[in-house]
$ cat coords.cif   # mmCIF, C-alpha atoms
data_protein
loop_
_atom_site.label_atom_id
_atom_site.label_comp_id
_atom_site.auth_asym_id
_atom_site.auth_seq_id
_atom_site.Cartn_x
_atom_site.Cartn_y
_atom_site.Cartn_z
CA MET A 70 220.00 171.85 24.26
CA ASN A 71 218.95 171.52 27.91
CA THR A 72 216.44 174.26 28.71
CA VAL A 73 214.65 174.77 31.98
CA SER A 74 210.89 175.32 31.95
CA PRO A 75 209.40 178.39 33.64
CA LEU A 76 208.29 176.21 36.56
CA GLY A 77 211.74 174.63 36.77
CA ALA A 78 213.38 178.06 36.73
CA GLN A 79 211.06 179.35 39.46
CA ALA A 80 211.69 176.26 41.54
CA ALA A 81 215.47 176.55 41.09
CA SER A 82 215.38 180.23 42.07
CA ALA A 83 213.29 179.54 45.18
CA PHE A 84 215.52 176.62 46.11
CA VAL A 85 218.71 178.69 45.80
CA ALA A 86 217.18 181.47 47.90
CA TYR A 87 216.08 178.89 50.50
CA ARG A 88 219.58 177.40 50.67
CA GLU A 89 221.00 180.89 51.08
CA GLY A 90 218.86 181.45 54.17
CA ASP A 91 215.52 182.82 52.97
CA ARG A 92 213.31 180.28 54.75
CA ASP A 93 210.12 181.77 53.22
CA GLN A 94 211.26 180.47 49.84
CA LEU A 95 210.61 176.92 50.98
CA ARG A 96 206.93 177.89 51.22
CA VAL A 97 207.15 179.26 47.66
CA LEU A 98 208.75 176.01 46.49
CA VAL A 99 206.06 173.95 48.21
CA GLY A 100 203.34 176.04 46.56
CA LEU A 101 204.93 175.66 43.14
CA LEU A 102 205.61 171.95 43.17
CA THR A 103 203.06 170.27 45.43
CA PRO A 104 200.42 169.93 42.65
CA LEU A 105 202.95 168.13 40.44
CA LEU A 106 204.12 165.96 43.34
CA TRP A 107 200.55 165.15 44.29
CA HIS A 108 199.78 163.89 40.82
CA THR A 109 203.08 162.04 40.68
CA ALA A 110 202.11 160.08 43.80
CA ARG A 111 198.55 159.51 42.62
CA ALA A 112 199.81 158.35 39.20
CA GLN A 113 201.48 155.50 41.11
CA ARG A 114 197.95 154.48 42.19
CA ALA A 115 198.51 155.59 45.77
CA PRO A 116 195.51 156.35 47.95
CA GLN A 117 195.30 159.80 49.50
CA HIS A 118 196.98 158.96 52.81
CA ILE A 119 199.97 157.32 51.12
CA ALA A 120 200.31 160.19 48.62
CA GLU A 121 200.26 162.70 51.49
CA GLU A 122 202.89 160.77 53.44
CA ALA A 123 205.13 160.32 50.40
CA ILE A 124 205.00 164.03 49.58
CA GLN A 125 205.65 165.06 53.18
CA THR A 126 208.61 162.68 53.33
CA ALA A 127 209.99 164.10 50.08
CA TRP A 128 209.84 167.66 51.46
CA LEU A 129 211.57 166.55 54.66
CA ARG A 130 214.28 164.81 52.65
CA LEU A 131 214.74 167.94 50.56
CA VAL A 132 215.28 170.02 53.69
CA ASP A 133 217.74 167.42 55.04
CA SER A 134 219.57 167.11 51.70
CA ALA A 135 219.42 170.72 50.47
CA ALA A 136 223.17 171.26 50.83
CA THR A 137 224.00 168.12 48.84
CA ILE A 138 221.91 168.95 45.75
CA SER A 139 224.55 170.27 43.38
CA ASP A 140 222.33 171.57 40.57
CA PRO A 141 219.34 173.66 41.70
CA LYS A 142 217.80 173.24 38.22
CA GLY A 143 217.38 169.57 39.09
CA VAL A 144 215.28 170.14 42.22
CA VAL A 145 212.01 169.37 40.38
CA SER A 146 213.31 166.06 39.06
CA TRP A 147 214.89 165.27 42.44
CA LEU A 148 211.54 165.75 44.17
CA VAL A 149 209.58 163.82 41.53
CA VAL A 150 211.92 160.83 41.79
CA THR A 151 211.85 161.01 45.60
CA VAL A 152 208.04 161.05 45.65
CA LYS A 153 207.83 158.13 43.22
CA ARG A 154 210.28 156.03 45.24
CA GLU A 155 208.66 156.88 48.56
CA THR A 156 205.21 156.11 47.16
CA TRP A 157 206.41 152.73 45.91
CA ARG A 158 207.99 152.01 49.31
CA LEU A 159 204.81 152.92 51.16
CA LEU A 160 202.67 150.87 48.79
CA ARG A 161 204.93 147.86 49.36
CA LEU A 162 204.63 148.36 53.11
CA ALA A 163 200.86 148.59 52.79
CA GLY A 164 201.02 145.29 50.90
CA ARG A 165 198.74 146.35 48.10
CA GLU A 166 198.15 148.88 45.41
CA VAL A 167 194.92 150.83 45.53
CA ALA A 168 193.44 152.47 42.45
CA PRO A 169 192.24 156.07 42.76
CA GLU A 170 188.51 156.52 42.99
CA ALA A 171 186.82 156.75 39.61
CA GLY A 172 184.65 159.62 38.55
CA VAL A 173 186.12 162.47 40.56
CA PRO A 174 189.38 164.34 40.26
CA ASP A 175 192.11 163.12 42.61
CA VAL A 176 192.29 166.47 44.35
CA ALA A 177 188.74 165.97 45.64
CA ASP A 178 189.27 162.73 47.57
CA GLU A 179 187.57 164.00 50.69
CA VAL A 180 183.87 164.38 49.96
CA THR A 181 182.36 167.26 51.90
CA PRO A 182 179.14 169.21 51.37
CA GLU A 183 181.27 172.03 49.97
CA SER A 184 183.06 169.79 47.47
CA LEU A 185 179.78 168.25 46.36
CA SER A 186 178.22 171.65 45.75
CA ILE A 187 181.24 172.72 43.70
CA ALA A 188 181.19 169.60 41.52
CA THR A 189 178.66 170.71 38.93
CA GLU A 190 177.02 168.33 36.53
CA GLN A 191 179.41 169.49 33.79
CA GLN A 192 182.40 168.63 35.97
CA ARG A 193 180.96 165.18 36.65
CA VAL A 194 180.43 164.59 32.94
CA LEU A 195 183.95 165.82 32.17
CA TRP A 196 185.61 163.63 34.82
CA ARG A 197 183.51 160.63 33.81
CA HIS A 198 184.93 160.94 30.31
CA VAL A 199 188.45 161.53 31.62
CA GLU A 200 188.14 158.28 33.60
CA GLU A 201 187.20 156.45 30.38
CA LEU A 202 190.46 157.50 28.69
CA PRO A 203 193.47 155.16 28.65
CA GLU A 204 195.58 155.26 31.83
CA ARG A 205 198.44 157.15 30.14
CA CYS A 206 196.03 159.91 29.03
CA ARG A 207 194.39 160.14 32.46
CA ALA A 208 197.74 160.50 34.21
CA LEU A 209 199.07 163.07 31.73
CA LEU A 210 195.92 165.19 31.73
CA ARG A 211 195.72 165.19 35.53
CA VAL A 212 199.30 166.37 35.91
CA ILE A 213 198.97 169.04 33.25
CA ALA A 214 195.51 170.18 34.36
CA PHE A 215 196.57 170.91 37.92
CA ALA A 216 199.98 172.47 37.34
CA ALA A 217 199.81 176.21 36.65
CA THR A 218 202.77 175.97 34.28
CA PRO A 219 203.67 172.32 33.72
CA ASP A 220 207.36 171.52 33.93
CA TYR A 221 207.84 169.11 31.05
CA ALA A 222 211.01 167.64 32.57
CA GLY A 223 209.13 166.96 35.80
CA VAL A 224 206.10 165.63 33.94
CA ALA A 225 208.37 163.39 31.85
CA ALA A 226 210.10 162.04 34.96
CA SER A 227 206.80 161.63 36.80
CA LEU A 228 205.13 159.67 34.01
CA GLY A 229 208.18 157.93 32.52
CA MET A 230 207.68 159.58 29.13
CA PRO A 231 210.18 161.23 26.80
CA ILE A 232 209.84 165.03 26.97
CA GLY A 233 209.27 165.22 23.22
CA SER A 234 206.22 162.97 23.39
CA ILE A 235 204.34 164.96 26.04
CA GLY A 236 202.90 167.59 23.69
CA PRO A 237 201.78 165.19 20.95
CA THR A 238 200.39 162.73 23.50
CA ARG A 239 198.53 165.53 25.26
CA GLY A 240 197.06 166.61 21.92
CA ARG A 241 195.85 163.09 21.12
CA CYS A 242 194.40 162.68 24.62
CA LEU A 243 192.58 166.01 24.43
CA ALA A 244 191.23 165.11 20.99
CA LYS A 245 189.84 161.82 22.38
CA LEU A 246 188.30 163.69 25.31
CA ARG A 247 186.81 166.36 23.02
CA THR A 248 185.28 163.69 20.76
CA ALA A 249 183.78 161.87 23.75
CA LEU A 250 182.33 165.09 25.18
CA LEU A 251 180.88 166.27 21.88
CA THR A 252 179.08 162.95 21.38
CA ASP A 253 177.64 162.99 24.91
CA PRO A 254 174.13 164.54 24.93
CA SER A 255 174.56 165.58 28.57
CA TRP A 256 177.57 167.77 27.71
CA GLU A 257 176.88 171.42 26.99
CA ALA A 258 179.73 172.84 24.91
#
$ encode --input "coords.cif" --output "structure tokens"
Amino acid sequence: MNTVSPLGAQAASAFVAYREGDRDQLRVLVGLLTPLLWHTARAQRAPQHIAEEAIQTAWLRLVDSAATISDPKGVVSWLVVTVKRETWRLLRLAGREVAPEAGVPDVADEVTPESLSIATEQQRVLWRHVEELPERCRALLRVIAFAATPDYAGVAASLGMPIGSIGPTRGRCLAKLRTALLTDPSWEA
């Protein structure tokens, strides 16, 4: 049975409304899916500027191709695949792959006084332990942590995982993280 997640259904609805002329729905679609697309690009080990360019290009391609997308329920997967391919293309053009910075969440790439004041000691301890997890766990937890309602089809496409393995893998990753945090004397539960 092919079911659409709540995020996928919201995205499909916004996309249909956008195609039917409600231009404000593109803003809704961008708000819904940009966190997932951001983590899709960063999971490809793209630095911030390449991730931004890949995501912007994907949105432009969506606008240009909106009429040719036959199944609105597939807009999440279409965007995820587009971001992955564009990220790979840009990385090839850059001639190298760059790993994300360790120790801070990917959404905080630009260090400002405000971002430093927000990053409490607990957050630093948490992200230090997240960075010590295997790559697959780090990628999965980042995508799920920053999506309000994760779209498992989009997450599966983004990370190259079967949909059925996302929940169990997430559980194992969270258990590893919980164990690491509970054994760290600097962590206050």
$ resolve_selection --input "coords.cif" --expression "the PyMOL selection byres ((chain A and resi 83) around 12)" --output "number ranges by chain"
A: 76-82, 84-102, 135, 141-142, 144-145
$ residues_around --input "coords.cif" --residues "Thr126 in chain A" --least-positions-apart "6" --cutoff "10 Å" --atoms "only C-alpha atoms" --output "tab-separated table (two decimals) with C-alpha atoms, in the frame of the given file"
chain	number	residue	atom	x	y	z
A	120	ALA	CA	200.31	160.19	48.62
A	132	VAL	CA	215.28	170.02	53.69
A	151	THR	CA	211.85	161.01	45.60
A	152	VAL	CA	208.04	161.05	45.65
A	155	GLU	CA	208.66	156.88	48.56
A	156	THR	CA	205.21	156.11	47.16
$ residues_around --input "coords.cif" --residues "Ala163 in chain A" --least-positions-apart "3" --cutoff "12 Å" --atoms "all atoms listed in the file" --output "list of chain:residue names"
A:Ala115, A:Pro116, A:His118, A:Ile119, A:Thr156, A:Trp157, A:Arg158, A:Leu159, A:Leu160, A:Glu166, A:Val167
$ residues_around --input "coords.cif" --residues "Arg205 in chain A" --least-positions-apart "3" --cutoff "9 Å" --atoms "all atoms listed in the file" --output "PyMOL selection string"
chain A and resi 202+208-210+228+238+242
$ closest_residue --input "coords.cif" --among "A:Lys153, A:Arg241, A:Arg247, A:His198" --to "Ala110 in chain A" --atoms "only C-alpha atoms"
A:Lys153
$ axis_aligned_box --input "coords.cif" --around "range 233-242 of chain A" --padding-each-side "6 Å" --output "JSON"
{"center_x": 201.8, "center_y": 165.1, "center_z": 23.5, "size_x": 26.9, "size_y": 16.9, "size_z": 17.1}
$ atom_distance --input "coords.cif" --atom1 "CA of Lys245 in chain A" --atom2 "CA of Ala222 in chain A"
24.2 Å
$ atom_distance --input "coords.cif" --atom1 "CA of Asp220 in chain A" --atom2 "CA of Gln117 in chain A"
22.9 Å
$ atom_distance --input "coords.cif" --atom1 "CA of Ile235 in chain A" --atom2 "CA of Glu122 in chain A"
27.8 Å
$ residues_around --input "coords.cif" --residues "Arg207 in chain A" --least-positions-apart "6" --cutoff "10 Å" --atoms "only C-alpha atoms" --output "list of chain:residue names"
A:Ala112, A:Trp196, A:His198, A:Val199, A:Glu200, A:Glu201, A:Arg239, A:Cys242
$ write_last_selection --input "coords.cif" --atoms "C-alpha atoms" --output "PDB file, in the frame of the given file"
ATOM      1  CA  ALA A 112     199.810 158.350  39.200  1.00  0.00           C
ATOM      2  CA  TRP A 196     185.610 163.630  34.820  1.00  0.00           C
ATOM      3  CA  HIS A 198     184.930 160.940  30.310  1.00  0.00           C
ATOM      4  CA  VAL A 199     188.450 161.530  31.620  1.00  0.00           C
ATOM      5  CA  GLU A 200     188.140 158.280  33.600  1.00  0.00           C
ATOM      6  CA  GLU A 201     187.200 156.450  30.380  1.00  0.00           C
ATOM      7  CA  ARG A 239     198.530 165.530  25.260  1.00  0.00           C
ATOM      8  CA  CYS A 242     194.400 162.680  24.620  1.00  0.00           C
TER       9      CYS A 242
END
$ closest_residue --input "coords.cif" --among "A:Arg111, A:Leu106, A:Cys206, A:Ala225" --to "Gln125 in chain A" --atoms "all atoms listed in the file"
A:Leu106
$ closest_residue --input "coords.cif" --among "A:Gln113, A:Ser227, A:Ser134, A:Gln191" --to "Val149 in chain A" --atoms "all atoms listed in the file"
A:Ser227
